$ cat run_34.cif   # mmCIF, C-alpha atoms
data_run
loop_
_atom_site.label_atom_id
_atom_site.label_comp_id
_atom_site.auth_asym_id
_atom_site.auth_seq_id
_atom_site.Cartn_x
_atom_site.Cartn_y
_atom_site.Cartn_z
CA MET A 566 0.00 0.00 0.00
CA PRO A 567 1.51 3.38 -0.99
CA LYS A 568 2.48 5.73 1.80
CA ILE A 569 0.02 8.58 2.34
CA VAL A 570 1.80 11.94 2.38
CA ASP A 571 0.30 14.98 4.08
CA VAL A 572 0.69 17.66 1.41
CA GLU A 573 0.71 20.63 3.79
CA GLU A 574 3.12 18.91 6.13
CA ARG A 575 5.52 18.21 3.25
CA ARG A 576 5.22 21.81 1.97
CA THR A 577 5.94 23.13 5.47
CA SER A 578 8.94 20.82 5.79
CA ILE A 579 10.37 22.11 2.51
CA ALA A 580 9.68 25.73 3.52
CA ARG A 581 11.56 25.20 6.80
CA ALA A 582 14.44 23.66 4.89
CA CYS A 583 14.41 26.80 2.76
CA TRP A 584 14.91 28.89 5.93
CA ARG A 585 17.88 26.80 7.01
CA VAL A 586 19.60 27.13 3.65
CA ILE A 587 19.01 30.90 3.62
CA VAL A 588 20.44 31.21 7.16
CA ARG A 589 23.63 29.46 6.04
CA GLU A 590 23.98 30.57 2.43
CA GLY A 591 21.64 33.53 1.87
CA ILE A 592 19.16 33.73 -1.00
CA ALA A 593 22.00 33.41 -3.52
CA GLY A 594 22.88 29.99 -2.11
CA LEU A 595 19.33 28.69 -2.32
CA THR A 596 19.86 26.26 -5.17
CA THR A 597 17.49 23.42 -5.93
CA ARG A 598 20.20 20.91 -5.05
CA ALA A 599 20.98 22.58 -1.69
CA LEU A 600 17.29 22.76 -0.84
CA ALA A 601 16.65 19.13 -1.73
CA ARG A 602 19.64 18.02 0.32
CA GLU A 603 18.48 20.06 3.32
CA ALA A 604 14.92 18.77 3.05
CA GLY A 605 16.11 15.18 2.64
CA VAL A 606 14.23 14.65 -0.62
CA GLY A 607 14.96 14.43 -4.33
CA THR A 608 14.72 17.52 -6.52
CA GLY A 609 11.77 16.00 -8.31
CA VAL A 610 9.87 15.76 -5.03
CA ILE A 611 10.31 19.49 -4.38
CA PHE A 612 8.71 20.43 -7.67
CA HIS A 613 5.87 18.03 -7.05
CA TYR A 614 4.80 20.41 -4.25
CA PHE A 615 5.96 23.76 -5.65
CA ALA A 616 5.87 25.19 -9.16
CA ASP A 617 9.27 26.92 -8.90
CA LYS A 618 11.84 28.32 -6.49
CA ASP A 619 10.02 31.63 -6.08
CA GLU A 620 6.96 29.77 -4.83
CA ILE A 621 9.13 27.99 -2.27
CA VAL A 622 10.59 31.31 -1.08
CA ASN A 623 7.08 32.77 -0.82
CA ALA A 624 5.93 29.76 1.21
CA ALA A 625 8.90 30.14 3.55
CA PHE A 626 8.08 33.82 3.93
CA GLU A 627 4.42 33.11 4.78
CA LEU A 628 5.47 30.49 7.31
CA LEU A 629 7.84 33.00 8.90
CA ALA A 630 5.04 35.58 9.07
CA ASP A 631 2.65 33.05 10.65
CA GLU A 632 5.17 32.13 13.33
CA PHE A 633 5.86 35.80 14.05
CA ARG A 634 2.12 36.36 14.61
CA ASP A 635 1.99 33.36 16.95
CA GLN A 636 4.89 34.80 18.94
CA LEU A 637 3.11 38.15 19.17
CA ARG A 638 -0.01 36.51 20.59
CA ALA A 639 2.05 34.70 23.21
CA ARG A 640 3.82 37.91 24.26
CA VAL A 641 0.61 39.94 24.45
CA ALA A 642 -0.97 37.33 26.72
CA THR A 643 1.58 38.11 29.47
CA ALA A 644 1.08 41.90 29.50
CA ARG A 645 -0.30 43.61 32.61
CA ASP A 646 -1.81 46.54 30.73
CA SER A 647 -1.99 48.19 27.30
CA LEU A 648 1.28 50.10 27.74
CA GLU A 649 3.23 46.96 28.57
CA ARG A 650 1.50 45.25 25.65
CA LEU A 651 2.88 47.95 23.35
CA ARG A 652 6.39 47.51 24.78
CA LEU A 653 6.33 43.73 24.42
CA VAL A 654 5.04 43.79 20.86
CA ALA A 655 7.55 46.45 19.78
CA ARG A 656 10.45 44.52 21.34
CA SER A 657 9.28 41.37 19.56
CA ASN A 658 10.49 42.97 16.33
CA LEU A 659 14.11 42.61 17.48
CA PRO A 660 16.52 39.64 17.22
CA LEU A 661 17.33 39.47 20.93
CA ASP A 662 18.39 35.80 21.10
CA ARG A 663 20.02 33.18 18.87
CA ASP A 664 16.79 31.74 17.46
CA ARG A 665 15.45 35.18 16.68
CA PHE A 666 18.81 36.16 15.18
CA ASP A 667 18.53 33.36 12.61
CA GLU A 668 14.87 34.19 11.97
CA PHE A 669 15.65 37.84 11.29
CA GLY A 670 18.54 36.80 9.07
CA VAL A 671 15.93 35.14 6.88
CA TRP A 672 13.75 38.28 7.02
CA LEU A 673 16.69 40.41 5.90
CA SER A 674 17.37 38.07 2.98
CA MET A 675 13.70 38.26 2.04
CA TRP A 676 13.83 42.06 2.06
CA ALA A 677 16.72 41.96 -0.41
CA HIS A 678 14.81 39.50 -2.60
CA THR A 679 11.90 41.95 -2.99
CA TYR A 680 14.00 43.86 -5.54
CA THR A 681 13.70 40.97 -7.99
CA SER A 682 10.38 39.44 -6.91
CA GLU A 683 7.31 41.59 -7.47
CA PRO A 684 4.90 39.20 -5.67
CA LEU A 685 7.15 39.11 -2.61
CA ARG A 686 7.55 42.90 -2.65
CA LEU A 687 3.78 43.39 -2.69
CA ARG A 688 3.32 40.84 0.10
CA GLN A 689 6.06 42.50 2.17
CA ARG A 690 4.35 45.86 1.70
CA GLU A 691 1.02 44.40 2.79
CA LEU A 692 2.54 42.84 5.90
CA TYR A 693 4.34 46.05 6.81
CA GLN A 694 1.10 47.98 6.56
CA GLY A 695 -0.47 45.41 8.87
CA TRP A 696 2.46 45.68 11.29
CA ARG A 697 2.12 49.46 11.50
CA GLU A 698 -1.62 49.09 12.07
CA ILE A 699 -0.96 46.71 14.96
CA LEU A 700 1.40 49.22 16.55
CA ALA A 701 -0.97 52.14 15.94
CA ASN A 702 -3.89 50.25 17.50
CA LEU A 703 -1.79 49.39 20.55
CA VAL A 704 -0.93 53.07 20.95
CA ARG A 705 -4.64 53.94 20.67
CA ASP A 706 -5.44 51.40 23.39
CA ALA A 707 -2.83 52.91 25.71
CA ILE A 708 -4.17 56.42 25.03
CA SER A 709 -7.72 55.25 25.79
CA ASP A 710 -6.48 53.71 29.04
CA GLY A 711 -4.85 56.99 30.08
CA LEU A 712 -1.32 55.59 29.91
CA ILE A 713 -0.04 57.59 26.90
CA ARG A 714 -0.37 61.29 26.11
CA PRO A 715 -3.69 61.97 24.39
CA ASP A 716 -2.09 64.37 21.88
CA LEU A 717 0.10 61.63 20.37
CA ASP A 718 -0.66 60.68 16.76
CA PRO A 719 -0.92 56.83 16.79
CA ASP A 720 -0.08 56.46 13.10
CA LEU A 721 3.03 58.63 13.39
CA ALA A 722 4.06 56.77 16.56
CA ALA A 723 3.73 53.46 14.69
CA ILE A 724 6.02 54.70 11.90
CA GLN A 725 8.58 55.84 14.47
CA LEU A 726 8.54 52.51 16.29
CA ALA A 727 8.71 50.48 13.08
CA GLY A 728 11.58 52.62 11.78
CA LEU A 729 13.50 52.37 15.05
CA THR A 730 13.21 48.59 15.28
CA ASP A 731 14.09 48.12 11.60
CA GLY A 732 17.29 50.10 12.11
CA LEU A 733 18.12 48.16 15.26
CA ILE A 734 17.58 44.87 13.40
CA VAL A 735 20.31 45.80 10.93
CA GLU A 736 22.67 46.92 13.70
CA LEU A 737 22.16 43.70 15.69
CA LEU A 738 22.60 41.44 12.68
CA LEU A 739 25.76 43.23 11.55
CA ASP A 740 27.45 42.95 14.95
CA PRO A 741 26.45 39.60 16.51
CA GLU A 742 29.63 39.37 18.58
CA ARG A 743 28.45 42.12 20.93
CA PRO A 744 25.72 40.59 23.10
CA GLU A 745 25.32 43.83 25.08
CA LEU A 746 23.73 45.38 21.99
CA ALA A 747 20.56 43.33 22.58
CA GLY A 748 19.96 45.01 25.93
CA ARG A 749 20.68 48.42 24.47
CA ALA A 750 18.32 47.79 21.59
CA ALA A 751 15.48 46.84 23.93
CA ALA A 752 16.27 49.88 26.08
CA SER A 753 16.08 52.11 22.98
CA VAL A 754 12.56 50.89 22.26
CA ASP A 755 11.57 51.49 25.89
CA ALA A 756 13.11 54.97 25.83
CA LEU A 757 11.02 55.99 22.80
CA ILE A 758 7.81 54.67 24.37
CA ASP A 759 8.72 56.43 27.64
CA THR A 760 8.63 59.77 25.80
CA TRP A 761 4.96 59.08 25.06
CA ALA A 762 3.92 57.65 28.41
CA LEU A 763 2.37 59.81 31.08
CA SER A 764 4.94 60.48 33.81
CA GLY A 765 3.50 57.99 36.30
CA ASP A 766 3.68 55.18 33.75
CA ARG A 767 7.33 55.52 32.75
CA THR A 768 9.48 52.66 33.92
CA SER A 769 13.20 52.29 33.36
CA SER A 770 14.24 49.15 31.49
CA SER A 771 16.34 48.10 34.51
CA GLN A 772 13.18 47.79 36.58
CA ARG A 773 11.39 45.49 34.12
#
$ encode --input "run_34.cif" --output "structure tokens"
Amino acid sequence: MPKIVDVEERRTSIARACWRVIVREGIAGLTTRALAREAGVGTGVIFHYFADKDEIVNAAFELLADEFRDQLRARVATARDSLERLRLVARSNLPLDRDRFDEFGVWLSMWAHTYTSEPLRLRQRELYQGWREILANLVRDAISDGLIRPDLDPDLAAIQLAGLTDGLIVELLLDPERPELAGRAAASVDALIDTWALSGDRTSSSQR
């Protein structure tokens, strides 16, 4: 009796293998042979589940986005209030440990790939719009709860937070041999949010 293969499970397995190759070799090193070897399958098997390499990269990107959303939900669940929820979500967009470092290495490679992949560029743009909306809504919640200045523009605050964390991502990935940068990066996010918080709700990063 032929073995029954779960199509989605096999696609996910190949997408994860795609991550691992990108972490080691970058997008340029993502050859069909390297991917098949990493996934433990023949090249013909890969193209039974995907039309081409771009579709594999897109699937890996979507899987990465799904896992990022799952991590956000887990972080939000631990927050005491809307201000802490904003801090936790903003910090989640930083590679502060080894696993996250590898994950953001894949993100960075994906960003570079948007210059040659129109579908991926459009999807990246859509996800970034969604990310800024998440941040803006969290700011609105904190304003409604009386924890952030009511005169703050939530959409502008979201752009500032997204821009800050994007810059910190690059700095952290370029200098992985300096572990103290992770603490400084998190403190930088806190410092920006502290400029918005009402005085009684500001907390130094050393106290959290």
$ resolve_selection --input "run_34.cif" --expression "the PyMOL selection byres ((chain A and resi 662-668) around 8)" --output "PyMOL selection string"
chain A and resi 588+629+659-661+669-672+738+747
$ residues_around --input "run_34.cif" --residues "Ala707 (chain A)" --least-positions-apart "5" --cutoff "7 Å" --atoms "only C-alpha atoms" --output "ChimeraX atom specification"
/A:647-648,712-713
$ closest_residue --input "run_34.cif" --among "A:Glu698, A:Thr597, A:Tyr693, A:Gly591" --to "Asp617 (chain A)" --atoms "all atoms listed in the file"
A:Thr597
$ closest_residue --input "run_34.cif" --among "A:Gly711, A:Gly609, A:Trp696, A:Ala625" --to "Ser764 (chain A)" --atoms "all atoms listed in the file"
A:Gly711
$ closest_residue --input "run_34.cif" --among "A:Arg640, A:Arg705, A:Arg634, A:Arg589" --to "Ser674 (chain A)" --atoms "all atoms listed in the file"
A:Arg589
$ atom_distance --input "run_34.cif" --atom1 "CA of Ala756 (chain A)" --atom2 "CA of Leu673 (chain A)"
24.9 Å
$ closest_residue --input "run_34.cif" --among "A:Ala616, A:Asp646, A:Met675, A:Ala582" --to "Leu600 (chain A)" --atoms "all atoms listed in the file"
A:Ala582
$ decode --input "run_34.cif" --residues "region 578-611 of chain A" --atoms "C-alpha atoms" --output "compact mmCIF listing (two decimals), in the first residue's frame"
# COMPACT_ATOMS: atom_id res chain seq x y z
CA SER A 578 8.94 20.82 5.79
CA ILE A 579 10.37 22.11 2.51
CA ALA A 580 9.68 25.73 3.52
CA ARG A 581 11.56 25.20 6.80
CA ALA A 582 14.44 23.66 4.89
CA CYS A 583 14.41 26.80 2.76
CA TRP A 584 14.91 28.89 5.93
CA ARG A 585 17.88 26.80 7.01
CA VAL A 586 19.60 27.13 3.65
CA ILE A 587 19.01 30.90 3.62
CA VAL A 588 20.44 31.21 7.16
CA ARG A 589 23.63 29.46 6.04
CA GLU A 590 23.98 30.57 2.43
CA GLY A 591 21.64 33.53 1.87
CA ILE A 592 19.16 33.73 -1.00
CA ALA A 593 22.00 33.41 -3.52
CA GLY A 594 22.88 29.99 -2.11
CA LEU A 595 19.33 28.69 -2.32
CA THR A 596 19.86 26.26 -5.17
CA THR A 597 17.49 23.42 -5.93
CA ARG A 598 20.20 20.91 -5.05
CA ALA A 599 20.98 22.58 -1.69
CA LEU A 600 17.29 22.76 -0.84
CA ALA A 601 16.65 19.13 -1.73
CA ARG A 602 19.64 18.02 0.32
CA GLU A 603 18.48 20.06 3.32
CA ALA A 604 14.92 18.77 3.05
CA GLY A 605 16.11 15.18 2.64
CA VAL A 606 14.23 14.65 -0.62
CA GLY A 607 14.96 14.43 -4.33
CA THR A 608 14.72 17.52 -6.52
CA GLY A 609 11.77 16.00 -8.31
CA VAL A 610 9.87 15.76 -5.03
CA ILE A 611 10.31 19.49 -4.38
